[in-house]
Structure formats: C-alpha cells, structure tokens
Amino acid sequence: MKRYSALGLLRNALDYNRNWPAAWRSPEPKKSYDAIIVGGGGHGLATAYYLARDHGLRNVAVLEKGWIGGGNTGRNTSIVRSNYLWTEASLLYEKSLQLWEGLSRDLNYNVMFSQRGVYNLGHSLQDMRDIERRVNANRLNGIDAEVLGPAEVKRAIPCINTSPGARYPILGASLQRRGGVARHDAVAWGFARAADALGVDIIEQCEVTGIEVRAGRAVGVATTRGAIAADRIGVVVAGNAGVLAGMAGLRLPIESHPLQAFVSEPIRPVLDTVVMSGAVHGYISQSDKGELVIGAGIDAYNGYGQRGSFPVIEHAMQAIIELFPAFSRVRMLRLWGGIVDICPDACPIVSKTPVQGLYFNCGWGTGGFKATPGSGWVFAHTLAHDRPHDLNAPFSLDRFASGALIDEHGAAAVAH
Ligand code: FAD
Ligand code: PYC
C-alpha cells in the first residue's frame with residue numbers, strides 16, 4: 001500500500017495535484033470473476049476488502065452504477081453505536097463497533113472515527129422504561145451503556161433545554177460513550193483503496209441491469225458495460241435491493257423510503273457529542289467543520305427519489321429547536337435525501353437466497369452506516385463459505401417464513 005510523505009504532499013500541492021496518483025485503479029471489467037459485488041457503497045466495498053484480506057479471494061469486482069459512496073454511504077449522518085435491544089442485533093453491531101475502533105489503522109486511512117458518545121433521550125415515563133430495559137440488555141451483552149438523569153444530561157450538554165416546561169421535557173437519556181461519528185466518504189475511500197491494493201477491481205459507472213440465472217444458479221450479470229460471469233454474486237444496493245431481487249425472480253420483504261438530512265452554516269464548537277431523540281424525531285451532532293449535522297425521520301411514502309418532502313423538514317427542525325432553542329437563529333445550508341431499505345422488523349437481511357450463488361445484504365434501513373465494517377465482514381464470510389457466520393445467521397431470509405423476527409424499531413431510534 002502506498003504511503004505519502006510530507007515532501008510528497010507538498011510536491012503534489014505545488015503542482016496542483018497533477019501527478020497525484022489515483023487512490024484506486026479504474027480497470028475495464030474482465031469477462032469473469034470469482035465473485036462480483038453489486039453496489040459500491042461502504043458495505044459492498046467492505047465486503048470486497050474482507051473477501052480479499054481474510055478469505056484469499058482476489059479475483060473480485062465491485063460494480064457501481066454511479067460513483068463509490070454516492071448512495072446512502074455518502075448521505076448519512078454518520079452515527080455509530082451498538083446499543084440495540086436484542087442479543088442477535090447487539091452482537092452484530094458490537095462486532096462492527098469493534099472493527100471501527102481499529103479501522104483507520106487497519107485501512108491505513110483516517111476514517112475520522114470519533115468516539116464522542118451518543119445520547120438517546122427519554123421524554124416520558126415509558127421512554128425511560130424502554131431506555132432502562134435496553135441499557136440492562138446491553139450490559140448483559142458486555143456493551144457499554146448508562147442511564148442518566150436530566151441534570152447529568154444538562155451538565156454534559158449545556159446548550160440542551162432540560163426545562164420541565166418544554167413540550168417534550170427531557171426525563172433522562174441512555175449514553176453509549178464508545179459511540180460517535182465517522183467521516184462517511186472517507187470510509188468508502190479507505191475501503192476502496194485497501195481493496196484495490198489487494199487486487200479487487202472497482203468499476204464505477206457500471207450499472208447491473210440483469211442477473212443471469214441458469215438451472216437455479218446465478219452465473220453472471222448483465223451490465224451497461226457488457227455481460228460479466230461470476231461464481232458468486234453479492235448484492236449490496238440498499239434502497240435498490242428490491243429492484244435487483246426482481247432481476248433474479250425474487251421478492252424481498254423490503255420497502256424503500258426517502259430519508260433526509262441537513263447541515264447548517266458552520267458555527268463555533270458548541271456540541272461535542274451526538275444527541276438523538278426518537279420521540280421528537282431528530283438527531284444532531286456537530287461536524288469538525290462546525291456545521292450542525294441534523295437528521296429526520298423517514299418520509300412515509302415509498303419511493304426511489306433521493307429527496308424528501310417539506311413537512312418532514314419542518315418536523316425535524318421543530319424537534320431540534322425544541323431541544324436546542326439557541327439553534328433557532330442558525331441558518332441551514334444544504335439538505336439531501338437517500339433511499340433507505342426497511343424490513344418489517346427494522347433489522348437487516350444478510351443472507352443466502354433460494355438462487356444458488358446469489359446472496360443479498362440489505363434492509364439496513366436508517367441505521368446501516370454504523371454496521372459498515374461488520375456487515376462487510378460477515379457478508380464476506382457468507383460468500384466465501386456459502387453459509388452465514390454465526391453473527392449473521394439470525395438475519396437470514398428464512399426468518400420471514402419462520403417468524404423469528406428481531407424487532408429493533410425502538411433501538412433504530414429514527415421514526416419509521
Ligand atoms: P449505499 O451506500 O447506498 O450503496 C449502495 C450502492 O449500490 C449505491 O452506491 C448505488 O449507486 C449502488 N447501486 C444501486 N443499484 C445498482 C445497480 N443496479 N448496479 C450497480 N450499482 C447499484 N446509518 C447509521 O448507522 N447512522 C446514521 O447516522 C445514519 N444516518 C442516515 C441518514 C440518512 C439521510 C440516510 C439516507 C441514511 C442514514 N443511515 C444511517 C443509513 C445508512 O446510510 C445506510 O444504511 C448505509 O449507508 C447503507 O450502506 P450501503 O453500502 O448498503 O448502501
Ligand atoms: O441508526 O443511529 C442510527 C441513526 C441515526 C440517524 C439515522 N440513523
């Protein structure tokens with residue numbers, strides 16, 4: 001892997017980066033691969049990286065219809081935590097959090113993972129009971145979690161409104177100190193560069209338009225850059241999962257919805273942690289540039305447009321101003337949307353399918369950024385061994401037939 005010296009950086013700056021080497025190659029697609037990953041988001045790139053690093057599969061291509069990280073990976077509010085309710089989900093997200101903790105070193109790329117803590121606020125007696133239940137469950141699973149009262153919340157976050165007269169008074173919060181945020185596009189770039197260095201072909205501007213199935217087995221894909229054969233195909237396309245499943249004659253229990261986020265003008269450092277409220281439907285952190293990064297609940301309708309509706313923007317802003325009245329004077333700069341893929345139990349599908357050699361990784365909905373390394377790690381195992389890892393076995397497609405759903409709507413903490 002290339003390393004960059006201070007002198008090299010200076011030379012590149014002085015010649016306007018004309019000779020700056022590309023961080024990954026831009027190869028023409030080959031006729032066939034041992035494995036194809038459809039979707040160059042964080043999860044797809046992580047899958048390719050772990051396939052090459054841990055399972056020795058190096059004849060691998062990632063096919064991306066746009067540019068890598070241009071989907072939800074580059075559109076999220078980058079909150080990372082592992083405080084889910086049920087053991088199955090907690091262990092999967094905790095594996096991911098542990099990978100986050102070593103990721104910059106592992107990829108030799110600064111993904112700016114900042115463990116600044118994540119607060120989930122409680123605004124009613126029932127919220128607080130749910131918080132206590134989840135914190136207890138987390139601790140039983142060895143995951144750091146604490147219950148705080150309103151005075152402790154106020155001490156930690158002086159600009160938050162803990163007045164008992166608020167429309168939704170803050171009665172307390174859970175805190176996961178090891179949670180935080182990361183730089184989302186750096187995650188895509190870091191995985192891309194590291195996968196490329198192991199021989200993975202990352203092919204952008206290459207849309208998969210068909211999946212070829214012969215005698216119950218997936219044998220290749222049709223793309224806008226020609227047909228490509230493969231021994232195994234992993235599909236990791238988030239909000240487009242239903243469309244890709246349809247290409248192989250499958251139907252997934254997934255609905256696609258827009259989810260929006262916003263950033264404000266940069267302001268001085270005022271918020272050094274992450275605050276989420278499932279009751280008022282908003283979450284907020286401050287970026288290293290000083291922007292307030294704010295997210296909303298989903299738009300209720302289904303759709304594939306990467307933009308949302310005005311009522312949701314208004315609702316999210318009301319929530320944030322309710323929590324932080326001082327922010328009412330901050331001007332907003334930009335807003336955008338992504339398409340999130342939601343399962344009935346708000347948990348992902350990381351699974352084999354009834355088609356041999358075809359695997360799906362989707363359904364992460366509003367909460368898959370935090371799972372990026374863990375998802376790639378278990379999906380790579382699933383593709384390499386043609387069976388799930390213990391950590392993702394509960395997230396197989398057959399749970400929708402058996403009824404063994406893992407309801408994480410509460411821990412998802414984003415209004416569905
Ligand atoms: P993506 O990054 O969307 O990658 C899928 C890729 O597949 C895309 O690049 C797309 O172009 C490509 N693709 C689609 N169809 C095809 C095709 N036919 N051929 C080839 N390529 C194709 N999660 C958190 O944990 N914390 C958060 O704070 C958080 N906030 C969010 C805020 C917003 C506004 C949104 C939209 C999402 C948020 N999420 C959050 C969820 C998180 O972003 C996603 O779950 C996660 O990024 C999904 O990653 P991915 O790699 O699966 O998908
Ligand atoms: O899953 O933590 C999360 C999250 C925060 C904002 C959107 N999703």
# chains A, B, ... in the order shown; residues from 1 in each chain; ligands from 1
$ residues_near_ligand --ligand "ligand 1" --cutoff "6 Å" --atoms "only C-alpha atoms and all ligand atoms" --output "PyMOL selection string"
chain A and resi 38-44+63-66+68-73+75-80+207-209+236-238+240+259-261+337-340+364-370
$ residues_around --residues "segment 341-357 of chain A" --least-positions-apart "4" --cutoff "8 Å" --atoms "only C-alpha atoms" --output "CSV table (one decimal) with all heavy atoms, in the first residue's frame"
chain,number,residue,atom,x,y,z
A,89,ALA,N,-29.0,-8.7,17.4
A,89,ALA,CA,-28.6,-7.4,16.8
A,89,ALA,C,-27.4,-6.8,17.5
A,89,ALA,O,-26.5,-6.3,16.9
A,89,ALA,CB,-29.8,-6.4,16.8
A,213,VAL,N,-29.7,-16.3,-14.3
A,213,VAL,CA,-29.9,-17.5,-13.5
A,213,VAL,C,-30.1,-18.7,-14.5
A,213,VAL,O,-30.9,-18.6,-15.3
A,213,VAL,CB,-31.1,-17.3,-12.6
A,213,VAL,CG1,-31.3,-18.5,-11.7
A,213,VAL,CG2,-31.0,-16.1,-11.7
A,216,GLY,N,-31.4,-22.6,-11.6
A,216,GLY,CA,-31.4,-22.3,-10.2
A,216,GLY,C,-30.1,-21.7,-9.7
A,216,GLY,O,-30.0,-21.6,-8.4
A,217,ARG,N,-29.2,-21.4,-10.5
A,217,ARG,CA,-27.9,-20.9,-10.1
A,217,ARG,C,-27.6,-19.6,-10.8
A,217,ARG,O,-27.7,-19.5,-12.0
A,217,ARG,CB,-26.8,-21.9,-10.4
A,217,ARG,CG,-25.5,-21.5,-9.9
A,217,ARG,CD,-24.4,-22.5,-9.9
A,217,ARG,NE,-23.3,-21.8,-9.2
A,217,ARG,CZ,-23.1,-21.9,-7.9
A,217,ARG,NH1,-23.8,-22.8,-7.2
A,217,ARG,NH2,-22.1,-21.2,-7.3
A,218,ALA,N,-27.1,-18.6,-10.0
A,218,ALA,CA,-26.7,-17.3,-10.6
A,218,ALA,C,-25.3,-17.5,-11.3
A,218,ALA,O,-24.4,-18.0,-10.6
A,218,ALA,CB,-26.6,-16.2,-9.6
A,219,VAL,N,-25.2,-17.1,-12.5
A,219,VAL,CA,-23.9,-17.3,-13.2
A,219,VAL,C,-23.3,-16.1,-13.7
A,219,VAL,O,-22.2,-16.1,-14.2
A,219,VAL,CB,-24.1,-18.3,-14.4
A,219,VAL,CG1,-24.5,-19.7,-13.9
A,219,VAL,CG2,-25.2,-17.8,-15.4
A,231,ASP,N,-18.7,-16.7,-10.2
A,231,ASP,CA,-19.1,-17.9,-9.4
A,231,ASP,C,-20.1,-17.6,-8.4
A,231,ASP,O,-20.9,-18.4,-8.0
A,231,ASP,CB,-17.9,-18.5,-8.7
A,231,ASP,CG,-16.9,-19.1,-9.7
A,231,ASP,OD1,-17.3,-19.3,-10.9
A,231,ASP,OD2,-15.7,-19.3,-9.4
A,232,ARG,N,-20.0,-16.3,-7.8
A,232,ARG,CA,-20.9,-15.9,-6.7
A,232,ARG,C,-21.1,-14.4,-6.9
A,232,ARG,O,-20.2,-13.7,-7.2
A,232,ARG,CB,-20.4,-16.3,-5.3
A,232,ARG,CG,-19.1,-15.8,-5.0
A,232,ARG,CD,-18.4,-16.7,-3.9
A,232,ARG,NE,-17.3,-17.4,-4.5
A,232,ARG,CZ,-16.6,-18.3,-3.9
A,232,ARG,NH1,-16.9,-18.7,-2.7
A,232,ARG,NH2,-15.6,-18.9,-4.6
A,233,ILE,N,-22.3,-14.0,-6.5
A,233,ILE,CA,-22.7,-12.6,-6.7
A,233,ILE,C,-23.4,-12.1,-5.4
A,233,ILE,O,-24.3,-12.7,-4.9
A,233,ILE,CB,-23.8,-12.5,-7.8
A,233,ILE,CG1,-23.2,-13.0,-9.1
A,233,ILE,CG2,-24.3,-11.0,-8.0
A,233,ILE,CD1,-24.2,-13.2,-10.2
A,238,ALA,N,-28.6,-1.4,-1.0
A,238,ALA,CA,-29.5,-0.6,-0.1
A,238,ALA,C,-30.9,-0.4,-0.7
A,238,ALA,O,-31.6,-1.4,-1.0
A,238,ALA,CB,-28.8,0.7,0.2
A,239,GLY,N,-31.3,0.9,-1.0
A,239,GLY,CA,-32.7,1.2,-1.4
A,239,GLY,C,-33.1,0.5,-2.7
A,239,GLY,O,-34.3,0.4,-3.0
A,240,ASN,N,-32.1,0.0,-3.5
A,240,ASN,CA,-32.4,-0.6,-4.8
A,240,ASN,C,-32.5,-2.1,-4.6
A,240,ASN,O,-32.6,-2.8,-5.6
A,240,ASN,CB,-31.4,-0.2,-5.8
A,240,ASN,CG,-31.6,1.2,-6.3
A,240,ASN,OD1,-32.6,1.5,-7.0
A,240,ASN,ND2,-30.7,2.1,-5.8
A,241,ALA,N,-32.5,-2.7,-3.4
A,241,ALA,CA,-32.4,-4.1,-3.2
A,241,ALA,C,-33.6,-4.8,-3.9
A,241,ALA,O,-33.5,-5.9,-4.5
A,241,ALA,CB,-32.3,-4.5,-1.7
A,248,ALA,N,-33.7,-11.4,-10.4
A,248,ALA,CA,-33.4,-12.8,-10.2
A,248,ALA,C,-34.7,-13.6,-9.9
A,248,ALA,O,-34.7,-14.7,-9.5
A,248,ALA,CB,-32.4,-13.0,-9.1
A,253,PRO,N,-38.9,-8.8,1.5
A,253,PRO,CA,-39.9,-8.1,2.4
A,253,PRO,C,-39.3,-6.7,2.7
A,253,PRO,O,-38.9,-6.4,3.9
A,253,PRO,CB,-40.0,-9.0,3.6
A,253,PRO,CG,-38.7,-9.7,3.6
A,253,PRO,CD,-38.2,-9.8,2.2
A,254,ILE,N,-39.1,-5.9,1.7
A,254,ILE,CA,-38.4,-4.6,1.9
A,254,ILE,C,-39.2,-3.4,1.3
A,254,ILE,O,-39.8,-3.6,0.3
A,254,ILE,CB,-37.0,-4.6,1.2
A,254,ILE,CG1,-36.1,-5.5,2.0
A,254,ILE,CG2,-36.5,-3.2,1.0
A,254,ILE,CD1,-34.7,-5.0,2.0
A,255,GLU,N,-39.3,-2.3,2.0
A,255,GLU,CA,-39.9,-1.1,1.4
A,255,GLU,C,-38.8,0.0,1.4
A,255,GLU,O,-38.1,0.1,2.3
A,255,GLU,CB,-41.1,-0.6,2.3
A,255,GLU,CG,-42.3,-1.5,2.3
A,255,GLU,CD,-43.5,-0.8,2.8
A,255,GLU,OE1,-43.4,0.4,3.1
A,255,GLU,OE2,-44.5,-1.5,3.0
A,256,SER,N,-38.8,0.7,0.3
A,256,SER,CA,-37.8,1.8,0.1
A,256,SER,C,-38.5,3.1,0.4
A,256,SER,O,-39.6,3.4,-0.1
A,256,SER,CB,-37.2,1.7,-1.3
A,256,SER,OG,-36.5,0.6,-1.4
A,257,HIS,N,-37.9,3.9,1.3
A,257,HIS,CA,-38.4,5.2,1.6
A,257,HIS,C,-37.3,6.3,1.5
A,257,HIS,O,-36.1,6.0,1.8
A,257,HIS,CB,-38.8,5.2,3.1
A,257,HIS,CG,-40.0,4.4,3.4
A,257,HIS,ND1,-41.3,4.9,3.5
A,257,HIS,CD2,-40.2,3.1,3.7
A,257,HIS,CE1,-42.2,4.0,3.8
A,257,HIS,NE2,-41.5,2.8,3.9
A,361,ASN,N,-27.4,-8.6,0.8
A,361,ASN,CA,-27.1,-7.8,2.1
A,361,ASN,C,-27.8,-6.5,2.0
A,361,ASN,O,-27.5,-5.6,1.2
A,361,ASN,CB,-25.6,-7.6,2.1
A,361,ASN,CG,-25.2,-6.9,3.4
A,361,ASN,OD1,-26.0,-6.3,4.1
A,361,ASN,ND2,-23.9,-6.9,3.7
A,362,CYS,N,-28.9,-6.4,2.7
A,362,CYS,CA,-29.8,-5.2,2.6
A,362,CYS,C,-30.7,-5.0,3.8
A,362,CYS,O,-30.5,-5.8,4.8
A,362,CYS,CB,-30.6,-5.3,1.3
A,362,CYS,SG,-31.6,-6.8,1.3
A,363,GLY,N,-31.6,-4.1,3.7
A,363,GLY,CA,-32.5,-3.9,4.8
A,363,GLY,C,-31.9,-3.2,6.0
A,363,GLY,O,-32.5,-3.2,7.1
A,364,TRP,N,-30.8,-2.5,5.8
A,364,TRP,CA,-30.2,-1.8,7.0
A,364,TRP,C,-30.9,-0.5,7.3
A,364,TRP,O,-30.7,0.1,8.3
A,364,TRP,CB,-28.7,-1.5,6.7
A,364,TRP,CG,-27.9,-2.7,6.6
A,364,TRP,CD1,-27.5,-3.4,5.5
A,364,TRP,CD2,-27.3,-3.4,7.7
A,364,TRP,NE1,-26.7,-4.5,5.8
A,364,TRP,CE2,-26.6,-4.6,7.2
A,364,TRP,CE3,-27.2,-3.3,9.1
A,364,TRP,CZ2,-25.9,-5.5,8.0
A,364,TRP,CZ3,-26.6,-4.2,9.9
A,364,TRP,CH2,-25.9,-5.3,9.3
A,365,GLY,N,-31.8,-0.2,6.3
A,365,GLY,CA,-32.7,0.9,6.6
A,365,GLY,C,-32.0,2.2,7.0
A,365,GLY,O,-31.1,2.7,6.3
A,366,THR,N,-32.5,2.8,8.1
A,366,THR,CA,-32.0,4.1,8.5
A,366,THR,C,-30.7,3.9,9.4
A,366,THR,O,-30.2,4.9,9.8
A,366,THR,CB,-33.0,4.8,9.4
A,366,THR,OG1,-33.3,3.9,10.6
A,366,THR,CG2,-34.3,5.0,8.7
A,375,SER,N,-20.9,-5.5,8.7
A,375,SER,CA,-21.7,-6.1,7.6
A,375,SER,C,-20.8,-6.7,6.5
A,375,SER,O,-21.0,-7.8,6.1
A,375,SER,CB,-22.6,-5.0,7.1
A,375,SER,OG,-23.0,-5.2,5.8
A,379,PHE,N,-20.6,-10.6,5.7
A,379,PHE,CA,-21.1,-11.0,4.3
A,379,PHE,C,-20.0,-11.6,3.5
A,379,PHE,O,-20.2,-12.6,2.8
A,379,PHE,CB,-21.6,-9.7,3.6
A,379,PHE,CG,-22.5,-10.0,2.4
A,379,PHE,CD1,-23.5,-10.9,2.4
A,379,PHE,CD2,-22.3,-9.2,1.2
A,379,PHE,CE1,-24.3,-11.2,1.4
A,379,PHE,CE2,-23.2,-9.4,0.1
A,379,PHE,CZ,-24.1,-10.4,0.2
A,382,THR,N,-20.0,-15.1,4.5
A,382,THR,CA,-21.1,-15.8,3.9
A,382,THR,C,-20.9,-16.2,2.5
A,382,THR,O,-21.1,-17.3,2.0
A,382,THR,CB,-22.4,-14.9,4.0
A,382,THR,OG1,-22.5,-14.5,5.4
A,382,THR,CG2,-23.6,-15.7,3.6
A,386,ASP,N,-20.3,-20.0,1.6
A,386,ASP,CA,-21.6,-20.4,1.2
A,386,ASP,C,-22.5,-20.8,2.4
A,386,ASP,O,-23.4,-21.6,2.3
A,386,ASP,CB,-21.6,-21.5,0.2
A,386,ASP,CG,-23.0,-21.7,-0.5
A,386,ASP,OD1,-23.7,-20.7,-0.7
A,386,ASP,OD2,-23.4,-22.9,-0.7
A,387,ARG,N,-22.2,-20.1,3.5
A,387,ARG,CA,-23.1,-20.3,4.7
A,387,ARG,C,-22.8,-19.1,5.6
A,387,ARG,O,-21.7,-18.5,5.6
A,387,ARG,CB,-22.9,-21.6,5.5
A,387,ARG,CG,-21.5,-21.7,6.0
A,387,ARG,CD,-21.3,-23.0,6.8
A,387,ARG,NE,-19.9,-23.4,6.8
A,387,ARG,CZ,-19.0,-22.8,7.6
A,387,ARG,NH1,-19.4,-21.8,8.4
A,387,ARG,NH2,-17.7,-23.1,7.5
A,388,PRO,N,-23.9,-18.7,6.4
A,388,PRO,CA,-23.7,-17.4,7.2
A,388,PRO,C,-22.7,-17.7,8.3
A,388,PRO,O,-22.5,-18.8,8.8
A,388,PRO,CB,-25.1,-17.2,7.7
A,388,PRO,CG,-25.8,-18.4,7.6
A,388,PRO,CD,-25.2,-19.2,6.5
A,392,ASN,N,-24.4,-13.5,11.6
A,392,ASN,CA,-25.5,-13.0,10.7
A,392,ASN,C,-26.5,-14.1,10.4
A,392,ASN,O,-27.5,-13.9,9.7
A,392,ASN,CB,-24.9,-12.4,9.4
A,392,ASN,CG,-24.2,-13.4,8.5
A,392,ASN,OD1,-23.3,-14.1,8.9
A,392,ASN,ND2,-24.6,-13.6,7.2
A,393,ALA,N,-26.3,-15.3,11.0
A,393,ALA,CA,-27.3,-16.4,10.7
A,393,ALA,C,-28.7,-16.0,11.1
A,393,ALA,O,-29.7,-16.3,10.4
A,393,ALA,CB,-26.9,-17.7,11.5
A,395,PHE,N,-30.0,-13.3,10.7
A,395,PHE,CA,-30.5,-12.3,9.8
A,395,PHE,C,-30.7,-12.8,8.4
A,395,PHE,O,-30.7,-12.1,7.4
A,395,PHE,CB,-29.5,-11.1,9.8
A,395,PHE,CG,-29.4,-10.4,11.1
A,395,PHE,CD1,-28.4,-10.8,12.0
A,395,PHE,CD2,-30.4,-9.5,11.6
A,395,PHE,CE1,-28.4,-10.3,13.3
A,395,PHE,CE2,-30.3,-9.0,12.8
A,395,PHE,CZ,-29.3,-9.4,13.7
A,396,SER,N,-31.0,-14.1,8.3
A,396,SER,CA,-31.2,-14.8,7.1
A,396,SER,C,-32.7,-14.5,6.6
A,396,SER,O,-33.6,-14.2,7.4
A,396,SER,CB,-31.0,-16.3,7.2
A,396,SER,OG,-29.7,-16.5,7.5
A,397,LEU,N,-32.9,-14.8,5.3
A,397,LEU,CA,-34.3,-14.5,4.8
A,397,LEU,C,-35.3,-15.4,5.4
A,397,LEU,O,-36.5,-15.1,5.5
A,397,LEU,CB,-34.2,-14.8,3.3
A,397,LEU,CG,-34.0,-13.6,2.3
A,397,LEU,CD1,-33.7,-14.1,0.9
A,397,LEU,CD2,-35.1,-12.6,2.4
A,405,LEU,N,-38.6,-13.0,13.9
A,405,LEU,CA,-38.2,-11.6,13.6
A,405,LEU,C,-37.4,-11.1,14.9
A,405,LEU,O,-37.6,-11.5,16.0
A,405,LEU,CB,-39.4,-10.8,13.3
A,405,LEU,CG,-40.2,-11.2,12.1
A,405,LEU,CD1,-41.3,-10.2,11.8
A,405,LEU,CD2,-39.4,-11.5,10.9
A,406,ILE,N,-36.6,-10.1,14.6
A,406,ILE,CA,-35.8,-9.4,15.7
A,406,ILE,C,-36.3,-8.0,15.7
A,406,ILE,O,-35.7,-7.2,14.9
A,406,ILE,CB,-34.3,-9.6,15.3
A,406,ILE,CG1,-34.0,-11.1,15.1
A,406,ILE,CG2,-33.5,-9.0,16.4
A,406,ILE,CD1,-32.7,-11.3,14.3
A,407,ASP,N,-37.2,-7.6,16.5
A,407,ASP,CA,-37.8,-6.3,16.4
A,407,ASP,C,-36.9,-5.2,17.0
A,407,ASP,O,-36.8,-5.1,18.2
A,407,ASP,CB,-39.2,-6.3,17.0
A,407,ASP,CG,-39.9,-4.9,16.8
A,407,ASP,OD1,-39.3,-4.0,16.4
A,407,ASP,OD2,-41.2,-4.9,16.9
A,408,GLU,N,-36.3,-4.4,16.2
A,408,GLU,CA,-35.4,-3.3,16.7
A,408,GLU,C,-36.0,-2.0,16.3
A,408,GLU,O,-35.2,-1.0,16.2
A,408,GLU,CB,-34.0,-3.5,16.1
A,408,GLU,CG,-33.2,-4.7,16.7
A,408,GLU,CD,-32.8,-4.5,18.2
A,408,GLU,OE1,-33.1,-3.4,18.8
A,408,GLU,OE2,-32.2,-5.4,18.7
A,409,HIS,N,-37.3,-1.8,16.2
A,409,HIS,CA,-37.8,-0.5,15.9
A,409,HIS,C,-37.4,0.5,17.0
A,409,HIS,O,-37.1,1.7,16.7
A,409,HIS,CB,-39.3,-0.5,15.7
A,409,HIS,CG,-39.7,-1.0,14.4
A,409,HIS,ND1,-40.1,-2.3,14.1
A,409,HIS,CD2,-39.8,-0.3,13.2
A,409,HIS,CE1,-40.4,-2.4,12.8
A,409,HIS,NE2,-40.2,-1.2,12.2
A,412,ALA,N,-33.7,1.4,16.7
A,412,ALA,CA,-33.4,2.1,15.4
A,412,ALA,C,-33.5,3.7,15.7
A,412,ALA,O,-32.8,4.4,15.1
A,412,ALA,CB,-34.4,1.7,14.3
$ closest_residue --among "A:Asp130, A:Asp299, A:Asp272, A:Glu88" --to "Ile313 of chain A" --atoms "only C-alpha atoms"
A:Asp299
$ closest_residue --among "A:Val181, A:Val270, A:Ala52, A:Met317" --to "ligand 2" --atoms "only C-alpha atoms and all ligand atoms"
A:Val181
$ closest_residue --among "A:Gly74, A:Gly290, A:Gly179, A:Pro394" --to "ligand 2" --atoms "only C-alpha atoms and all ligand atoms"
A:Gly179
$ residues_around --residues "Trp189 of chain A" --least-positions-apart "2" --cutoff "10 Å" --atoms "only C-alpha atoms" --output "PyMOL selection string"
chain A and resi 23-24+41-42+45+68-69+107+109-111+184-187+191-195
$ residues_around --residues "Ile267 of chain A" --least-positions-apart "2" --cutoff "7 Å" --atoms "only C-alpha atoms" --output "ChimeraX atom specification"
/A:265,269,290-291
$ write_last_selection --atoms "N, CA, C and O atoms" --output "JSON list (two decimals), in the first residue's frame"
[["chain", "number", "residue", "atom", "x", "y", "z"],
["A", 265, "GLU", "N", -24.96, 26.26, 8.47],
["A", 265, "GLU", "CA", -23.71, 27.01, 8.32],
["A", 265, "GLU", "C", -22.79, 26.59, 9.48],
["A", 265, "GLU", "O", -23.27, 26.15, 10.53],
["A", 269, "PRO", "N", -17.53, 25.64, 17.99],
["A", 269, "PRO", "CA", -17.83, 24.38, 18.67],
["A", 269, "PRO", "C", -18.80, 24.60, 19.83],
["A", 269, "PRO", "O", -18.58, 25.45, 20.68],
["A", 290, "GLY", "N", -17.70, 22.49, 11.88],
["A", 290, "GLY", "CA", -18.55, 23.39, 12.66],
["A", 290, "GLY", "C", -20.01, 23.34, 12.26],
["A", 290, "GLY", "O", -20.86, 23.97, 12.89],
["A", 291, "GLU", "N", -20.33, 22.60, 11.17],
["A", 291, "GLU", "CA", -21.73, 22.53, 10.74],
["A", 291, "GLU", "C", -22.52, 21.67, 11.72],
["A", 291, "GLU", "O", -22.01, 20.66, 12.21]]
$ residues_around --residues "Gly102 of chain A" --least-positions-apart "4" --cutoff "12 Å" --atoms "only C-alpha atoms" --output "number ranges by chain"
A: 95-98, 106-114, 373
$ select_by_dssp --residues "segment 162-388 of chain A" --states "strand (DSSP E or B)" --output "ChimeraX atom specification"
/A:172-176,180-181,201-203,208-214,217-223,226-235,255-266,274-277,282-286,291-298,332-342,349-352,356,358-362,364
$ closest_residue --among "A:Ile170, A:Leu333, A:Ala413, A:Val221" --to "Gly297 of chain A" --atoms "only C-alpha atoms"
A:Ala413
$ closest_residue --among "A:Ile202, A:Ala319, A:Ala145, A:Ala296" --to "ligand 2" --atoms "only C-alpha atoms and all ligand atoms"
A:Ala296
$ atom_distance --atom1 "atom CA of Ala326 of chain A" --atom2 "atom CA of Val280 of chain A"
17.0 Å
$ residues_around --residues "Ala227 of chain A" --least-positions-apart "4" --cutoff "10 Å" --atoms "only C-alpha atoms" --output "list in words"
Pro29, Lys30, Lys31, Ser32, Val208, Thr209, Gly210, Ile211, Glu212, Gly220, Val221, Ala222 and Thr223 of chain A
$ closest_residue --among "A:Tyr33, A:Tyr283, A:Tyr168, A:Trp377" --to "Arg58 of chain A" --atoms "only C-alpha atoms"
A:Tyr33
$ select_by_dssp --residues "segment 158-387 of chain A" --states "helix (DSSP H, G or I)" --output "number ranges by chain"
A: 184-197, 238-247, 310-323, 325-329, 365-367, 369-385
